[in-house]
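*Asks:* Sending over coords_14.pdb (PDB, N, CA and C atoms and all ligand atoms).
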ATOM      1  N   MET H   1      22.891  37.416  -8.435  1.00  0.00           N
ATOM      2  CA  MET H   1      23.610  36.366  -9.148  1.00  0.00           C
ATOM      3  C   MET H   1      23.178  35.012  -8.592  1.00  0.00           C
ATOM      4  N   ARG H   2      22.918  34.083  -9.480  1.00  0.00           N
ATOM      5  CA  ARG H   2      22.445  32.757  -9.083  1.00  0.00           C
ATOM      6  C   ARG H   2      23.637  31.874  -8.718  1.00  0.00           C
ATOM      7  N   ALA H   3      23.490  31.155  -7.596  1.00  0.00           N
ATOM      8  CA  ALA H   3      24.562  30.266  -7.153  1.00  0.00           C
ATOM      9  C   ALA H   3      24.678  29.074  -8.094  1.00  0.00           C
ATOM     10  N   VAL H   4      25.907  28.658  -8.332  1.00  0.00           N
ATOM     11  CA  VAL H   4      26.132  27.482  -9.165  1.00  0.00           C
ATOM     12  C   VAL H   4      25.797  26.242  -8.340  1.00  0.00           C
ATOM     13  N   PRO H   5      24.937  25.359  -8.856  1.00  0.00           N
ATOM     14  CA  PRO H   5      24.599  24.161  -8.087  1.00  0.00           C
ATOM     15  C   PRO H   5      25.804  23.248  -7.911  1.00  0.00           C
ATOM     16  N   VAL H   6      25.795  22.534  -6.819  1.00  0.00           N
ATOM     17  CA  VAL H   6      26.839  21.547  -6.551  1.00  0.00           C
ATOM     18  C   VAL H   6      26.189  20.182  -6.477  1.00  0.00           C
ATOM     19  N   TRP H   7      26.783  19.248  -7.164  1.00  0.00           N
ATOM     20  CA  TRP H   7      26.267  17.889  -7.138  1.00  0.00           C
ATOM     21  C   TRP H   7      27.082  17.054  -6.163  1.00  0.00           C
ATOM     22  N   ARG H   8      26.384  16.139  -5.518  1.00  0.00           N
ATOM     23  CA  ARG H   8      27.043  15.222  -4.595  1.00  0.00           C
ATOM     24  C   ARG H   8      26.911  13.811  -5.164  1.00  0.00           C
ATOM     25  N   THR H   9      28.019  13.125  -5.242  1.00  0.00           N
ATOM     26  CA  THR H   9      28.033  11.770  -5.782  1.00  0.00           C
ATOM     27  C   THR H   9      28.383  10.788  -4.671  1.00  0.00           C
ATOM     28  N   THR H  10      27.562   9.790  -4.501  1.00  0.00           N
ATOM     29  CA  THR H  10      27.868   8.759  -3.517  1.00  0.00           C
ATOM     30  C   THR H  10      27.737   7.383  -4.156  1.00  0.00           C
ATOM     31  N   VAL H  11      28.536   6.464  -3.665  1.00  0.00           N
ATOM     32  CA  VAL H  11      28.489   5.079  -4.127  1.00  0.00           C
ATOM     33  C   VAL H  11      28.157   4.191  -2.936  1.00  0.00           C
ATOM     34  N   ASP H  12      27.124   3.394  -3.112  1.00  0.00           N
ATOM     35  CA  ASP H  12      26.771   2.407  -2.099  1.00  0.00           C
ATOM     36  C   ASP H  12      27.675   1.195  -2.319  1.00  0.00           C
ATOM     37  N   ARG H  13      28.705   1.112  -1.519  1.00  0.00           N
ATOM     38  CA  ARG H  13      29.701   0.052  -1.737  1.00  0.00           C
ATOM     39  C   ARG H  13      29.156  -1.334  -1.414  1.00  0.00           C
ATOM     40  N   ASP H  14      28.082  -1.417  -0.676  1.00  0.00           N
ATOM     41  CA  ASP H  14      27.453  -2.713  -0.424  1.00  0.00           C
ATOM     42  C   ASP H  14      26.733  -3.214  -1.674  1.00  0.00           C
ATOM     43  N   ARG H  15      26.248  -2.284  -2.479  1.00  0.00           N
ATOM     44  CA  ARG H  15      25.551  -2.663  -3.720  1.00  0.00           C
ATOM     45  C   ARG H  15      26.509  -2.852  -4.880  1.00  0.00           C
ATOM     46  N   CYS H  16      27.599  -2.096  -4.875  1.00  0.00           N
ATOM     47  CA  CYS H  16      28.556  -2.151  -5.985  1.00  0.00           C
ATOM     48  C   CYS H  16      29.050  -3.572  -6.195  1.00  0.00           C
ATOM     49  N   MET H  17      29.097  -3.995  -7.471  1.00  0.00           N
ATOM     50  CA  MET H  17      29.604  -5.322  -7.780  1.00  0.00           C
ATOM     51  C   MET H  17      30.913  -5.247  -8.550  1.00  0.00           C
ATOM     52  N   GLY H  18      31.523  -4.070  -8.554  1.00  0.00           N
ATOM     53  CA  GLY H  18      32.863  -3.933  -9.093  1.00  0.00           C
ATOM     54  C   GLY H  18      32.974  -4.073 -10.591  1.00  0.00           C
ATOM     55  N   SER H  19      31.922  -3.755 -11.321  1.00  0.00           N
ATOM     56  CA  SER H  19      31.944  -3.911 -12.775  1.00  0.00           C
ATOM     57  C   SER H  19      32.948  -2.975 -13.453  1.00  0.00           C
ATOM     58  N   GLY H  20      33.197  -1.827 -12.840  1.00  0.00           N
ATOM     59  CA  GLY H  20      34.132  -0.861 -13.411  1.00  0.00           C
ATOM     60  C   GLY H  20      33.539   0.036 -14.472  1.00  0.00           C
ATOM     61  N   VAL H  21      32.244  -0.070 -14.709  1.00  0.00           N
ATOM     62  CA  VAL H  21      31.611   0.765 -15.736  1.00  0.00           C
ATOM     63  C   VAL H  21      31.789   2.249 -15.409  1.00  0.00           C
ATOM     64  N   CYS H  22      31.573   2.604 -14.164  1.00  0.00           N
ATOM     65  CA  CYS H  22      31.678   4.016 -13.785  1.00  0.00           C
ATOM     66  C   CYS H  22      33.098   4.541 -13.973  1.00  0.00           C
ATOM     67  N   VAL H  23      34.078   3.718 -13.664  1.00  0.00           N
ATOM     68  CA  VAL H  23      35.478   4.132 -13.821  1.00  0.00           C
ATOM     69  C   VAL H  23      35.803   4.319 -15.303  1.00  0.00           C
ATOM     70  N   ALA H  24      35.270   3.429 -16.133  1.00  0.00           N
ATOM     71  CA  ALA H  24      35.512   3.542 -17.571  1.00  0.00           C
ATOM     72  C   ALA H  24      34.892   4.818 -18.129  1.00  0.00           C
ATOM     73  N   LEU H  25      33.748   5.195 -17.588  1.00  0.00           N
ATOM     74  CA  LEU H  25      33.058   6.391 -18.085  1.00  0.00           C
ATOM     75  C   LEU H  25      33.640   7.683 -17.525  1.00  0.00           C
ATOM     76  N   ALA H  26      34.077   7.637 -16.280  1.00  0.00           N
ATOM     77  CA  ALA H  26      34.525   8.866 -15.611  1.00  0.00           C
ATOM     78  C   ALA H  26      35.665   8.533 -14.649  1.00  0.00           C
ATOM     79  N   ALA H  27      36.843   8.345 -15.200  1.00  0.00           N
ATOM     80  CA  ALA H  27      37.988   7.899 -14.393  1.00  0.00           C
ATOM     81  C   ALA H  27      38.415   8.943 -13.360  1.00  0.00           C
ATOM     82  N   SER H  28      38.068  10.198 -13.595  1.00  0.00           N
ATOM     83  CA  SER H  28      38.468  11.222 -12.627  1.00  0.00           C
ATOM     84  C   SER H  28      37.483  11.315 -11.465  1.00  0.00           C
ATOM     85  N   LEU H  29      36.342  10.646 -11.597  1.00  0.00           N
ATOM     86  CA  LEU H  29      35.290  10.777 -10.583  1.00  0.00           C
ATOM     87  C   LEU H  29      35.054   9.505  -9.790  1.00  0.00           C
ATOM     88  N   PHE H  30      35.517   8.376 -10.323  1.00  0.00           N
ATOM     89  CA  PHE H  30      35.324   7.100  -9.638  1.00  0.00           C
ATOM     90  C   PHE H  30      36.630   6.308  -9.685  1.00  0.00           C
ATOM     91  N   VAL H  31      36.892   5.585  -8.603  1.00  0.00           N
ATOM     92  CA  VAL H  31      38.052   4.692  -8.572  1.00  0.00           C
ATOM     93  C   VAL H  31      37.614   3.366  -7.964  1.00  0.00           C
ATOM     94  N   LEU H  32      38.249   2.297  -8.453  1.00  0.00           N
ATOM     95  CA  LEU H  32      38.011   0.992  -7.835  1.00  0.00           C
ATOM     96  C   LEU H  32      38.980   0.836  -6.683  1.00  0.00           C
ATOM     97  N   ASP H  33      38.429   0.484  -5.544  1.00  0.00           N
ATOM     98  CA  ASP H  33      39.208   0.353  -4.330  1.00  0.00           C
ATOM     99  C   ASP H  33      38.749  -0.937  -3.656  1.00  0.00           C
ATOM    100  N   ASP H  34      39.648  -1.930  -3.613  1.00  0.00           N
ATOM    101  CA  ASP H  34      39.289  -3.228  -3.044  1.00  0.00           C
ATOM    102  C   ASP H  34      38.081  -3.825  -3.780  1.00  0.00           C
ATOM    103  N   GLU H  35      38.113  -3.687  -5.109  1.00  0.00           N
ATOM    104  CA  GLU H  35      37.098  -4.254  -6.009  1.00  0.00           C
ATOM    105  C   GLU H  35      35.715  -3.641  -5.839  1.00  0.00           C
ATOM    106  N   ARG H  36      35.674  -2.456  -5.265  1.00  0.00           N
ATOM    107  CA  ARG H  36      34.424  -1.713  -5.162  1.00  0.00           C
ATOM    108  C   ARG H  36      34.722  -0.274  -5.549  1.00  0.00           C
ATOM    109  N   SER H  37      33.738   0.370  -6.136  1.00  0.00           N
ATOM    110  CA  SER H  37      33.927   1.754  -6.553  1.00  0.00           C
ATOM    111  C   SER H  37      33.721   2.709  -5.374  1.00  0.00           C
ATOM    112  N   ARG H  38      34.393   3.825  -5.474  1.00  0.00           N
ATOM    113  CA  ARG H  38      34.114   4.941  -4.569  1.00  0.00           C
ATOM    114  C   ARG H  38      34.352   6.223  -5.345  1.00  0.00           C
ATOM    115  N   ALA H  39      33.747   7.295  -4.831  1.00  0.00           N
ATOM    116  CA  ALA H  39      33.883   8.605  -5.470  1.00  0.00           C
ATOM    117  C   ALA H  39      34.853   9.434  -4.639  1.00  0.00           C
ATOM    118  N   PRO H  40      36.096   9.582  -5.102  1.00  0.00           N
ATOM    119  CA  PRO H  40      37.092  10.301  -4.304  1.00  0.00           C
ATOM    120  C   PRO H  40      36.763  11.775  -4.141  1.00  0.00           C
ATOM    121  N   VAL H  41      36.015  12.325  -5.088  1.00  0.00           N
ATOM    122  CA  VAL H  41      35.595  13.726  -4.977  1.00  0.00           C
ATOM    123  C   VAL H  41      34.081  13.713  -4.800  1.00  0.00           C
ATOM    124  N   GLU H  42      33.643  13.960  -3.589  1.00  0.00           N
ATOM    125  CA  GLU H  42      32.217  13.823  -3.284  1.00  0.00           C
ATOM    126  C   GLU H  42      31.378  14.922  -3.941  1.00  0.00           C
ATOM    127  N   PHE H  43      31.866  16.129  -3.909  1.00  0.00           N
ATOM    128  CA  PHE H  43      31.101  17.246  -4.444  1.00  0.00           C
ATOM    129  C   PHE H  43      31.736  17.721  -5.747  1.00  0.00           C
ATOM    130  N   VAL H  44      30.921  17.817  -6.783  1.00  0.00           N
ATOM    131  CA  VAL H  44      31.438  18.218  -8.092  1.00  0.00           C
ATOM    132  C   VAL H  44      30.512  19.259  -8.727  1.00  0.00           C
ATOM    133  N   ALA H  45      31.062  19.991  -9.658  1.00  0.00           N
ATOM    134  CA  ALA H  45      30.229  20.885 -10.459  1.00  0.00           C
ATOM    135  C   ALA H  45      29.353  20.020 -11.361  1.00  0.00           C
ATOM    136  N   PRO H  46      28.189  20.502 -11.728  1.00  0.00           N
ATOM    137  CA  PRO H  46      27.320  19.725 -12.614  1.00  0.00           C
ATOM    138  C   PRO H  46      28.069  19.194 -13.835  1.00  0.00           C
ATOM    139  N   ASP H  47      27.923  17.896 -14.049  1.00  0.00           N
ATOM    140  CA  ASP H  47      28.667  17.227 -15.106  1.00  0.00           C
ATOM    141  C   ASP H  47      27.830  16.044 -15.589  1.00  0.00           C
ATOM    142  N   GLU H  48      27.413  16.112 -16.826  1.00  0.00           N
ATOM    143  CA  GLU H  48      26.556  15.068 -17.397  1.00  0.00           C
ATOM    144  C   GLU H  48      27.185  13.685 -17.287  1.00  0.00           C
ATOM    145  N   THR H  49      28.504  13.638 -17.257  1.00  0.00           N
ATOM    146  CA  THR H  49      29.203  12.355 -17.171  1.00  0.00           C
ATOM    147  C   THR H  49      28.848  11.618 -15.884  1.00  0.00           C
ATOM    148  N   VAL H  50      28.631  12.362 -14.812  1.00  0.00           N
ATOM    149  CA  VAL H  50      28.277  11.743 -13.536  1.00  0.00           C
ATOM    150  C   VAL H  50      26.917  11.061 -13.664  1.00  0.00           C
ATOM    151  N   LEU H  51      25.986  11.740 -14.305  1.00  0.00           N
ATOM    152  CA  LEU H  51      24.656  11.154 -14.491  1.00  0.00           C
ATOM    153  C   LEU H  51      24.721   9.945 -15.424  1.00  0.00           C
ATOM    154  N   ASP H  52      25.551  10.029 -16.447  1.00  0.00           N
ATOM    155  CA  ASP H  52      25.715   8.883 -17.351  1.00  0.00           C
ATOM    156  C   ASP H  52      26.237   7.668 -16.578  1.00  0.00           C
ATOM    157  N   ALA H  53      27.185   7.898 -15.682  1.00  0.00           N
ATOM    158  CA  ALA H  53      27.740   6.801 -14.887  1.00  0.00           C
ATOM    159  C   ALA H  53      26.664   6.219 -13.967  1.00  0.00           C
ATOM    160  N   ALA H  54      25.889   7.090 -13.343  1.00  0.00           N
ATOM    161  CA  ALA H  54      24.813   6.610 -12.458  1.00  0.00           C
ATOM    162  C   ALA H  54      23.795   5.802 -13.257  1.00  0.00           C
ATOM    163  N   ASP H  55      23.457   6.290 -14.442  1.00  0.00           N
ATOM    164  CA  ASP H  55      22.487   5.585 -15.295  1.00  0.00           C
ATOM    165  C   ASP H  55      23.021   4.223 -15.729  1.00  0.00           C
ATOM    166  N   SER H  56      24.330   4.145 -15.934  1.00  0.00           N
ATOM    167  CA  SER H  56      24.928   2.938 -16.507  1.00  0.00           C
ATOM    168  C   SER H  56      25.304   1.897 -15.466  1.00  0.00           C
ATOM    169  N   CYS H  57      25.262   2.253 -14.214  1.00  0.00           N
ATOM    170  CA  CYS H  57      25.659   1.309 -13.164  1.00  0.00           C
ATOM    171  C   CYS H  57      24.674   0.136 -13.125  1.00  0.00           C
ATOM    172  N   PRO H  58      25.161  -1.081 -13.347  1.00  0.00           N
ATOM    173  CA  PRO H  58      24.251  -2.240 -13.358  1.00  0.00           C
ATOM    174  C   PRO H  58      23.687  -2.569 -11.984  1.00  0.00           C
ATOM    175  N   ALA H  59      24.304  -2.051 -10.938  1.00  0.00           N
ATOM    176  CA  ALA H  59      23.840  -2.338  -9.577  1.00  0.00           C
ATOM    177  C   ALA H  59      23.037  -1.187  -8.981  1.00  0.00           C
ATOM    178  N   ARG H  60      22.880  -0.120  -9.757  1.00  0.00           N
ATOM    179  CA  ARG H  60      22.183   1.076  -9.257  1.00  0.00           C
ATOM    180  C   ARG H  60      22.809   1.539  -7.924  1.00  0.00           C
ATOM    181  N   ALA H  61      24.112   1.525  -7.892  1.00  0.00           N
ATOM    182  CA  ALA H  61      24.827   1.832  -6.650  1.00  0.00           C
ATOM    183  C   ALA H  61      25.239   3.298  -6.545  1.00  0.00           C
ATOM    184  N   ILE H  62      25.095   4.043  -7.645  1.00  0.00           N
ATOM    185  CA  ILE H  62      25.538   5.439  -7.659  1.00  0.00           C
ATOM    186  C   ILE H  62      24.326   6.355  -7.520  1.00  0.00           C
ATOM    187  N   THR H  63      24.427   7.284  -6.600  1.00  0.00           N
ATOM    188  CA  THR H  63      23.371   8.277  -6.420  1.00  0.00           C
ATOM    189  C   THR H  63      23.972   9.668  -6.590  1.00  0.00           C
ATOM    190  N   VAL H  64      23.278  10.490  -7.354  1.00  0.00           N
ATOM    191  CA  VAL H  64      23.702  11.882  -7.552  1.00  0.00           C
ATOM    192  C   VAL H  64      22.597  12.781  -7.011  1.00  0.00           C
ATOM    193  N   THR H  65      22.976  13.726  -6.178  1.00  0.00           N
ATOM    194  CA  THR H  65      21.992  14.669  -5.648  1.00  0.00           C
ATOM    195  C   THR H  65      22.429  16.099  -5.943  1.00  0.00           C
ATOM    196  N   GLU H  66      21.427  16.950  -6.039  1.00  0.00           N
ATOM    197  CA  GLU H  66      21.673  18.391  -6.173  1.00  0.00           C
ATOM    198  C   GLU H  66      20.892  19.064  -5.062  1.00  0.00           C
ATOM    199  N   ASN H  67      21.592  19.652  -4.152  1.00  0.00           N
ATOM    200  CA  ASN H  67      20.957  20.290  -2.993  1.00  0.00           C
ATOM    201  C   ASN H  67      19.998  19.332  -2.281  1.00  0.00           C
ATOM    202  N   GLY H  68      20.411  18.084  -2.153  1.00  0.00           N
ATOM    203  CA  GLY H  68      19.633  17.096  -1.428  1.00  0.00           C
ATOM    204  C   GLY H  68      18.564  16.393  -2.259  1.00  0.00           C
ATOM    205  N   ARG H  69      18.358  16.843  -3.467  1.00  0.00           N
ATOM    206  CA  ARG H  69      17.343  16.233  -4.345  1.00  0.00           C
ATOM    207  C   ARG H  69      18.022  15.226  -5.267  1.00  0.00           C
ATOM    208  N   VAL H  70      17.482  14.016  -5.297  1.00  0.00           N
ATOM    209  CA  VAL H  70      18.079  12.981  -6.142  1.00  0.00           C
ATOM    210  C   VAL H  70      17.803  13.301  -7.611  1.00  0.00           C
ATOM    211  N   ILE H  71      18.887  13.369  -8.391  1.00  0.00           N
ATOM    212  CA  ILE H  71      18.751  13.643  -9.831  1.00  0.00           C
ATOM    213  C   ILE H  71      19.322  12.499 -10.673  1.00  0.00           C
ATOM    214  N   GLY H  72      19.946  11.540 -10.027  1.00  0.00           N
ATOM    215  CA  GLY H  72      20.469  10.397 -10.777  1.00  0.00           C
ATOM    216  C   GLY H  72      20.616   9.203  -9.862  1.00  0.00           C
ATOM    217  N   PRO H  73      20.422   7.987 -10.353  1.00  0.00           N
ATOM    218  CA  PRO H  73      20.209   7.712 -11.766  1.00  0.00           C
ATOM    219  C   PRO H  73      18.838   8.191 -12.256  1.00  0.00           C
ATOM    220  N   ARG H  74      18.813   8.484 -13.544  1.00  0.00           N
ATOM    221  CA  ARG H  74      17.569   8.910 -14.181  1.00  0.00           C
ATOM    222  C   ARG H  74      16.802   7.670 -14.609  1.00  0.00           C
ATOM    223  N   ASP H  75      15.530   7.673 -14.407  1.00  0.00           N
ATOM    224  CA  ASP H  75      14.706   6.510 -14.777  1.00  0.00           C
ATOM    225  C   ASP H  75      14.402   6.502 -16.255  1.00  0.00           C
TER     226      ASP H  75
HETATM  227  S1  LIG N   1      29.287   0.928 -12.312  1.00  0.00           S
HETATM  228 FE1  LIG N   1      28.223   0.486 -10.347  1.00  0.00          FE
HETATM  229  S2  LIG N   1      28.642  -1.671  -9.960  1.00  0.00           S
HETATM  230 FE2  LIG N   1      30.112  -0.991 -11.493  1.00  0.00          FE
HETATM  231  S3  LIG N   1      31.944  -0.385 -10.309  1.00  0.00           S
HETATM  232 FE3  LIG N   1      30.684   1.465 -10.621  1.00  0.00          FE
HETATM  233  S4  LIG N   1      29.390   1.602  -8.794  1.00  0.00           S
HETATM  234 FE4  LIG N   1      30.194  -0.484  -8.878  1.00  0.00          FE
END
Show this structure as structure tokens.
Ligand code: SF4

*Replies:*
Amino acid sequence: MRAVPVWRTTVDRDRCMGSGVCVALAASLFVLDDERSRAPVEFVAPDETVLDAADSCPARAITVTENGRVIGPRD
């Protein structure tokens, strides 16, 4: 049986400019805290919404990895 991949979501709070785009796209995965985003749940099951948020971040502050390999943002 193949293991289900786990994605890790991180936000570079130094890069984040508090636009709130990620929160608007995925309110369960990102929260604004002191005008900067953070991911309260670091590890998530694969979810296209996470990649959409990473792609949409104007500061390129969101990184998504799968088993250590960067998969988002997508170029
Ligand atoms: S979309 Fe990017 S810049 Fe905007 S709040 Fe989220 S992490 Fe910060």

*Asks:* Expanded to explicit residues, what is the PyMOL selection byres (((chain H and resi 2-7) around 8) and not hetatm) for this file, as a ChimeraX atom specification?

*Replies:* /H:1,8-10,41-47,64-68

*Asks:* Quick one: which residues end up in the PyMOL selection byres (((not hetatm) and name CA) within 9 of (chain N and resi 1)) for this structure, as a ChimeraX atom specification?

*Replies:* /H:11-13,15-25,30-32,35-39,53-62

*Asks:* Among the residues of chain H, find those DSSP assigns to helix (DSSP H, G or I) from the backbone and print them as a list in words.

*Replies:*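 Taking chain H and keeping helix (DSSP H, G or I) gives Val21, Cys22, Val23, Ala24, Leu25, Glu48, Thr49, Val50, Leu51, Asp52, Ala53, Ala54, Asp55 and Ser56 of chain H.
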
*Asks:* Return as a PyMOL selection string the full set of residues in stretch 2-63 of chain H whose backbone-based DSSP assignment is strand (DSSP E or B).

*Replies:* chain H and resi 7-11+31-33+36-38+43-44+62-63

*Asks:* Please, could you write that set of residues out with N, CA and C atoms as a short mmCIF file (atom, residue, chain, number, x, y, z; two decimals), keeping the file's coordinate frame?

*Replies:*
data_model
loop_
_atom_site.label_atom_id
_atom_site.label_comp_id
_atom_site.auth_asym_id
_atom_site.auth_seq_id
_atom_site.Cartn_x
_atom_site.Cartn_y
_atom_site.Cartn_z
N TRP H 7 26.78 19.25 -7.16
CA TRP H 7 26.27 17.89 -7.14
C TRP H 7 27.08 17.05 -6.16
N ARG H 8 26.38 16.14 -5.52
CA ARG H 8 27.04 15.22 -4.60
C ARG H 8 26.91 13.81 -5.16
N THR H 9 28.02 13.12 -5.24
CA THR H 9 28.03 11.77 -5.78
C THR H 9 28.38 10.79 -4.67
N THR H 10 27.56 9.79 -4.50
CA THR H 10 27.87 8.76 -3.52
C THR H 10 27.74 7.38 -4.16
N VAL H 11 28.54 6.46 -3.66
CA VAL H 11 28.49 5.08 -4.13
C VAL H 11 28.16 4.19 -2.94
N VAL H 31 36.89 5.58 -8.60
CA VAL H 31 38.05 4.69 -8.57
C VAL H 31 37.61 3.37 -7.96
N LEU H 32 38.25 2.30 -8.45
CA LEU H 32 38.01 0.99 -7.84
C LEU H 32 38.98 0.84 -6.68
N ASP H 33 38.43 0.48 -5.54
CA ASP H 33 39.21 0.35 -4.33
C ASP H 33 38.75 -0.94 -3.66
N ARG H 36 35.67 -2.46 -5.26
CA ARG H 36 34.42 -1.71 -5.16
C ARG H 36 34.72 -0.27 -5.55
N SER H 37 33.74 0.37 -6.14
CA SER H 37 33.93 1.75 -6.55
C SER H 37 33.72 2.71 -5.37
N ARG H 38 34.39 3.82 -5.47
CA ARG H 38 34.11 4.94 -4.57
C ARG H 38 34.35 6.22 -5.34
N PHE H 43 31.87 16.13 -3.91
CA PHE H 43 31.10 17.25 -4.44
C PHE H 43 31.74 17.72 -5.75
N VAL H 44 30.92 17.82 -6.78
CA VAL H 44 31.44 18.22 -8.09
C VAL H 44 30.51 19.26 -8.73
N ILE H 62 25.10 4.04 -7.64
CA ILE H 62 25.54 5.44 -7.66
C ILE H 62 24.33 6.36 -7.52
N THR H 63 24.43 7.28 -6.60
CA THR H 63 23.37 8.28 -6.42
C THR H 63 23.97 9.67 -6.59
#

*Asks:* What separation in Å, quoted to one decimal, exists between atom C of H:Arg74 and atom CA of H:Asp33?

*Replies:*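 These atoms are spaced 25.7 Å apart.
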
*Asks:* Let me have the centre and edge lengths of the axis-aligned box enclosing all listed atoms of stretch 33-51 of chain H with 4 Å padding on every side, in Å to one decimal, as AutoDock Vina command-line options.

*Replies:*
--center_x 32.2 --center_y 8.3 --center_z -10.2 --size_x 23.0 --size_y 33.1 --size_z 22.4

*Asks:* Between atom N of H:Asp75 and atom C of H:Asp34, what is the distance, to one decimal in Å?

*Replies:* 27.5 Å

*Asks:* Quick check, in Å to one decimal: how far apart do atom CA of H:Asp14 and atom N of H:Ser28 lie?

*Replies:*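 Separation between atom CA of H:Asp14 and atom N of H:Ser28: 21.3 Å.
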